[in-house]
$ cat model.csv   # CSV, N, CA and C atoms
chain,number,residue,atom,x,y,z
X,126,MET,N,-28.0,-3.1,-33.1
X,126,MET,CA,-26.7,-3.3,-32.5
X,126,MET,C,-26.8,-4.5,-31.5
X,127,SER,N,-25.9,-5.4,-31.5
X,127,SER,CA,-26.0,-6.5,-30.5
X,127,SER,C,-25.2,-6.2,-29.3
X,128,ASP,N,-25.6,-6.7,-28.2
X,128,ASP,CA,-24.9,-6.6,-26.9
X,128,ASP,C,-23.7,-7.4,-26.9
X,129,ARG,N,-22.6,-6.9,-26.3
X,129,ARG,CA,-21.3,-7.6,-26.3
X,129,ARG,C,-21.5,-9.0,-25.6
X,130,SER,N,-22.4,-9.1,-24.6
X,130,SER,CA,-22.6,-10.4,-23.9
X,130,SER,C,-23.2,-11.4,-24.8
X,131,ASP,N,-23.9,-11.0,-25.9
X,131,ASP,CA,-24.5,-12.0,-26.8
X,131,ASP,C,-23.5,-12.7,-27.7
X,132,LYS,N,-22.3,-12.1,-27.8
X,132,LYS,CA,-21.3,-12.7,-28.7
X,132,LYS,C,-20.8,-14.0,-28.2
X,133,LYS,N,-20.5,-14.9,-29.0
X,133,LYS,CA,-20.0,-16.2,-28.6
X,133,LYS,C,-18.5,-16.1,-28.1
X,134,ARG,N,-18.2,-16.7,-27.0
X,134,ARG,CA,-16.9,-16.7,-26.5
X,134,ARG,C,-16.1,-17.8,-27.0
X,135,PRO,N,-14.7,-17.6,-27.2
X,135,PRO,CA,-13.9,-18.7,-27.7
X,135,PRO,C,-13.8,-19.9,-26.8
X,136,SER,N,-13.7,-21.1,-27.4
X,136,SER,CA,-13.5,-22.3,-26.6
X,136,SER,C,-12.0,-22.4,-26.1
X,137,PHE,N,-11.1,-21.9,-26.9
X,137,PHE,CA,-9.7,-22.0,-26.6
X,137,PHE,C,-9.0,-20.7,-27.0
X,138,ASP,N,-7.9,-20.4,-26.2
X,138,ASP,CA,-7.0,-19.3,-26.6
X,138,ASP,C,-5.8,-20.0,-27.3
X,139,ALA,N,-5.3,-19.4,-28.4
X,139,ALA,CA,-4.1,-19.9,-29.1
X,139,ALA,C,-2.9,-19.1,-28.7
X,140,PHE,N,-1.8,-19.9,-28.3
X,140,PHE,CA,-0.6,-19.3,-27.9
X,140,PHE,C,0.6,-19.8,-28.6
X,141,HIS,N,1.6,-18.9,-28.8
X,141,HIS,CA,2.9,-19.4,-29.2
X,141,HIS,C,3.7,-19.4,-27.9
X,142,VAL,N,4.4,-20.5,-27.7
X,142,VAL,CA,5.2,-20.6,-26.5
X,142,VAL,C,6.7,-20.6,-26.9
X,143,LYS,N,7.4,-19.7,-26.2
X,143,LYS,CA,8.8,-19.6,-26.4
X,143,LYS,C,9.5,-20.0,-25.2
X,144,GLU,N,10.5,-20.9,-25.3
X,144,GLU,CA,11.3,-21.4,-24.2
X,144,GLU,C,12.3,-20.4,-23.9
X,145,GLY,N,12.4,-20.0,-22.6
X,145,GLY,CA,13.4,-19.0,-22.2
X,145,GLY,C,14.5,-19.6,-21.3
X,146,ALA,N,15.2,-18.7,-20.7
X,146,ALA,CA,16.3,-19.2,-19.8
X,146,ALA,C,15.7,-19.8,-18.5
X,147,ASP,N,16.5,-20.6,-17.9
X,147,ASP,CA,16.1,-21.3,-16.6
X,147,ASP,C,14.8,-22.1,-16.8
X,148,ASP,N,14.6,-22.8,-17.9
X,148,ASP,CA,13.4,-23.6,-18.2
X,148,ASP,C,12.1,-22.9,-18.0
X,149,LYS,N,12.1,-21.6,-18.3
X,149,LYS,CA,10.8,-20.9,-18.2
X,149,LYS,C,10.2,-20.8,-19.6
X,150,SER,N,8.9,-20.9,-19.7
X,150,SER,CA,8.2,-20.8,-20.9
X,150,SER,C,7.4,-19.4,-20.9
X,151,TYR,N,7.4,-18.8,-22.1
X,151,TYR,CA,6.7,-17.5,-22.2
X,151,TYR,C,5.6,-17.7,-23.2
X,152,PHE,N,4.3,-17.4,-22.8
X,152,PHE,CA,3.2,-17.6,-23.7
X,152,PHE,C,2.8,-16.2,-24.3
X,153,ASN,N,2.7,-16.2,-25.6
X,153,ASN,CA,2.2,-15.1,-26.3
X,153,ASN,C,0.9,-15.4,-27.0
X,154,ARG,N,-0.1,-14.8,-26.7
X,154,ARG,CA,-1.5,-15.1,-27.3
X,154,ARG,C,-1.5,-14.6,-28.7
X,155,VAL,N,-1.8,-15.5,-29.6
X,155,VAL,CA,-1.8,-15.2,-31.0
X,155,VAL,C,-3.2,-15.4,-31.7
X,156,GLY,N,-4.2,-15.8,-30.9
X,156,GLY,CA,-5.5,-16.0,-31.5
X,156,GLY,C,-6.4,-16.8,-30.6
X,157,VAL,N,-7.5,-17.2,-31.2
X,157,VAL,CA,-8.6,-18.0,-30.5
X,157,VAL,C,-9.1,-19.0,-31.4
X,158,ALA,N,-9.9,-20.0,-30.7
X,158,ALA,CA,-10.6,-21.0,-31.5
X,158,ALA,C,-12.0,-21.1,-31.0
X,159,PHE,N,-12.9,-21.2,-32.0
X,159,PHE,CA,-14.4,-21.3,-31.7
X,159,PHE,C,-14.9,-22.6,-32.1
X,160,ALA,N,-15.7,-23.2,-31.2
X,160,ALA,CA,-16.3,-24.5,-31.5
X,160,ALA,C,-17.4,-24.4,-32.6
X,161,HIS,N,-17.5,-25.4,-33.4
X,161,HIS,CA,-18.6,-25.4,-34.4
X,161,HIS,C,-19.9,-25.7,-33.7
X,162,ARG,N,-21.0,-25.3,-34.3
X,162,ARG,CA,-22.3,-25.6,-33.7
X,162,ARG,C,-22.6,-27.0,-33.5
X,163,ASP,N,-22.1,-27.8,-34.5
X,163,ASP,CA,-22.4,-29.3,-34.5
X,163,ASP,C,-21.5,-30.0,-33.6
X,164,GLY,N,-20.5,-29.3,-33.0
X,164,GLY,CA,-19.6,-30.0,-32.1
X,164,GLY,C,-18.5,-30.8,-32.7
X,165,GLU,N,-18.4,-30.8,-34.0
X,165,GLU,CA,-17.5,-31.6,-34.8
X,165,GLU,C,-16.1,-31.0,-35.1
X,166,GLY,N,-15.9,-29.8,-34.6
X,166,GLY,CA,-14.6,-29.1,-35.0
X,166,GLY,C,-14.5,-27.7,-34.4
X,167,HIS,N,-13.5,-27.0,-34.8
X,167,HIS,CA,-13.2,-25.6,-34.3
X,167,HIS,C,-12.7,-24.8,-35.5
X,168,THR,N,-13.0,-23.5,-35.4
X,168,THR,CA,-12.5,-22.5,-36.3
X,168,THR,C,-11.4,-21.8,-35.6
X,169,ILE,N,-10.2,-21.7,-36.1
X,169,ILE,CA,-9.1,-21.0,-35.5
X,169,ILE,C,-8.9,-19.7,-36.2
X,170,GLN,N,-8.9,-18.6,-35.4
X,170,GLN,CA,-8.7,-17.2,-35.9
X,170,GLN,C,-7.4,-16.7,-35.3
X,171,LEU,N,-6.4,-16.5,-36.2
X,171,LEU,CA,-5.1,-16.1,-35.7
X,171,LEU,C,-4.8,-14.7,-36.0
X,172,ASP,N,-4.2,-13.9,-35.1
X,172,ASP,CA,-3.8,-12.6,-35.3
X,172,ASP,C,-2.4,-12.5,-35.8
X,173,SER,N,-1.6,-13.6,-35.5
X,173,SER,CA,-0.2,-13.7,-36.0
X,173,SER,C,0.1,-15.2,-36.1
X,174,VAL,N,1.2,-15.5,-36.8
X,174,VAL,CA,1.6,-16.9,-36.9
X,174,VAL,C,3.1,-17.0,-36.4
X,175,PRO,N,3.3,-17.9,-35.5
X,175,PRO,CA,4.7,-18.1,-35.0
X,175,PRO,C,5.6,-18.6,-36.1
X,176,VAL,N,6.9,-18.1,-36.0
X,176,VAL,CA,7.9,-18.5,-36.9
X,176,VAL,C,8.1,-20.0,-36.9
X,177,ASP,N,8.1,-20.6,-35.7
X,177,ASP,CA,8.4,-22.1,-35.6
X,177,ASP,C,7.2,-22.9,-36.0
X,178,GLY,N,6.0,-22.3,-36.2
X,178,GLY,CA,4.8,-23.0,-36.6
X,178,GLY,C,4.1,-23.7,-35.5
X,179,ARG,N,4.5,-23.6,-34.3
X,179,ARG,CA,3.9,-24.4,-33.2
X,179,ARG,C,2.9,-23.5,-32.4
X,180,ILE,N,1.7,-23.9,-32.4
X,180,ILE,CA,0.6,-23.2,-31.7
X,180,ILE,C,0.0,-24.1,-30.6
X,181,ILE,N,-0.2,-23.6,-29.4
X,181,ILE,CA,-0.8,-24.4,-28.3
X,181,ILE,C,-2.2,-23.8,-28.0
X,182,LEU,N,-3.2,-24.7,-27.9
X,182,LEU,CA,-4.5,-24.3,-27.6
X,182,LEU,C,-4.8,-24.6,-26.1
X,183,ARG,N,-5.3,-23.7,-25.4
X,183,ARG,CA,-5.6,-23.9,-24.0
X,183,ARG,C,-6.9,-23.2,-23.7
X,184,THR,N,-7.7,-23.9,-22.8
X,184,THR,CA,-9.0,-23.3,-22.5
X,184,THR,C,-8.7,-22.0,-21.7
X,185,PRO,N,-9.5,-21.0,-21.8
X,185,PRO,CA,-9.3,-19.8,-21.0
X,185,PRO,C,-9.2,-20.1,-19.5
X,186,LYS,N,-10.0,-21.0,-19.0
X,186,LYS,CA,-10.1,-21.3,-17.6
X,186,LYS,C,-8.7,-21.9,-17.1
X,187,GLU,N,-8.1,-22.8,-17.9
X,187,GLU,CA,-6.8,-23.4,-17.6
X,187,GLU,C,-5.8,-22.3,-17.4
X,188,ARG,N,-5.7,-21.3,-18.3
X,188,ARG,CA,-4.7,-20.3,-18.2
X,188,ARG,C,-4.9,-19.4,-17.0
X,189,LEU,N,-6.2,-19.1,-16.7
X,189,LEU,CA,-6.4,-18.3,-15.5
X,189,LEU,C,-6.0,-19.1,-14.2
X,190,GLU,N,-6.3,-20.3,-14.1
X,190,GLU,CA,-5.9,-21.1,-13.0
X,190,GLU,C,-4.4,-21.2,-12.9
X,191,ASP,N,-3.7,-21.4,-14.0
X,191,ASP,CA,-2.3,-21.5,-14.0
X,191,ASP,C,-1.7,-20.1,-13.5
X,192,ALA,N,-2.2,-19.0,-13.9
X,192,ALA,CA,-1.7,-17.7,-13.6
X,192,ALA,C,-1.9,-17.5,-12.1
X,193,ARG,N,-3.0,-18.0,-11.5
X,193,ARG,CA,-3.3,-17.8,-10.1
X,193,ARG,C,-2.4,-18.6,-9.2
X,194,GLU,N,-2.0,-19.8,-9.7
X,194,GLU,CA,-1.2,-20.7,-9.0
X,194,GLU,C,0.3,-20.2,-8.9
X,195,GLU,N,0.7,-19.5,-9.9
X,195,GLU,CA,2.1,-19.0,-9.9
X,195,GLU,C,2.2,-17.8,-9.0
X,196,LYS,N,3.3,-17.8,-8.3
X,196,LYS,CA,3.6,-16.7,-7.4
X,196,LYS,C,4.1,-15.5,-8.2
X,197,PRO,N,3.6,-14.3,-7.9
X,197,PRO,CA,4.1,-13.2,-8.6
X,197,PRO,C,5.6,-13.0,-8.4
X,198,ARG,N,6.2,-12.6,-9.5
X,198,ARG,CA,7.6,-12.4,-9.5
X,198,ARG,C,7.9,-10.9,-9.2
X,199,ARG,N,8.6,-10.7,-8.1
X,199,ARG,CA,8.9,-9.3,-7.7
X,199,ARG,C,10.4,-9.2,-7.6
X,200,ARG,N,10.8,-8.1,-8.1
X,200,ARG,CA,12.3,-7.8,-8.1
X,200,ARG,C,12.6,-6.7,-7.1
X,201,ASN,N,13.8,-6.9,-6.5
X,201,ASN,CA,14.3,-5.8,-5.6
X,201,ASN,C,14.6,-4.6,-6.4
X,202,ARG,N,14.7,-3.5,-5.7
X,202,ARG,CA,15.1,-2.2,-6.4
X,202,ARG,C,16.4,-2.4,-7.2
X,203,ASP,N,17.4,-3.1,-6.6
X,203,ASP,CA,18.7,-3.3,-7.2
X,203,ASP,C,18.6,-4.2,-8.5
X,204,GLN,N,17.6,-5.0,-8.6
X,204,GLN,CA,17.4,-5.9,-9.7
X,204,GLN,C,16.6,-5.3,-10.9
X,205,ARG,N,16.0,-4.2,-10.7
X,205,ARG,CA,15.2,-3.5,-11.7
X,205,ARG,C,16.0,-2.9,-12.8
X,206,ASP,N,15.5,-3.0,-14.0
X,206,ASP,CA,16.2,-2.3,-15.1
X,206,ASP,C,16.0,-0.8,-15.0
X,207,ARG,N,17.1,-0.2,-15.2
X,207,ARG,CA,17.0,1.3,-15.1
X,207,ARG,C,17.2,1.9,-16.5
$ encode --input "model.csv" --output "structure tokens"
Amino acid sequence: MSDRSDKKRPSFDAFHVKEGADDKSYFNRVGVAFAHRDGEGHTIQLDSVPVDGRIILRTPKERLEDAREEKPRRRNRDQRDR
């Protein structure tokens, strides 16, 4: 049995991006991409396919940095869905 840390990590995360209200974008992770050993390409593994056919590849580091830069959205008790 191989150790989980021995597994190759993806080079990119694949996302479907949906444009929402107020110019907000919503990222839905749909898969990953792994670099080929020779460095000449990537294999994309998708768990789902977006209806509009548009997939965005981002490095995992970029997504983490983006998430850290955004301020958490908090809603008042009056604004919460009940």
$ closest_residue --input "model.csv" --among "X:Lys149, X:His161, X:Arg154, X:His167" --to "Pro185 of chain X" --atoms "only C-alpha atoms"
X:Arg154
$ atom_distance --input "model.csv" --atom1 "atom N of Asp172 of chain X" --atom2 "atom N of Glu195 of chain X"
26.3 Å
$ atom_distance --input "model.csv" --atom1 "atom CA of Gln170 of chain X" --atom2 "atom CA of Asp191 of chain X"
23.2 Å
$ atom_distance --input "model.csv" --atom1 "atom CA of Phe159 of chain X" --atom2 "atom CA of His141 of chain X"
17.6 Å
$ closest_residue --input "model.csv" --among "X:Val176, X:Leu182, X:Phe137, X:Glu144" --to "Val157 of chain X" --atoms "all atoms listed in the file"
X:Phe137
$ select_by_dssp --input "model.csv" --residues "segment 127-197 of chain X" --states "strand (DSSP E)" --output "ChimeraX atom specification"
/X:137-144,150-160,167-171,181-183
$ closest_residue --input "model.csv" --among "X:Ala160, X:Ala146, X:Ile180, X:Val174" --to "Arg134 of chain X" --atoms "only C-alpha atoms"
X:Ala160
$ residues_near_point --input "model.csv" --point "(-4.4, -19.9, -21.6)" --cutoff "12 Å" --atoms "only C-alpha atoms" --output "VMD selection string"
chain X and resid 135 to 142 151 to 158 180 to 193
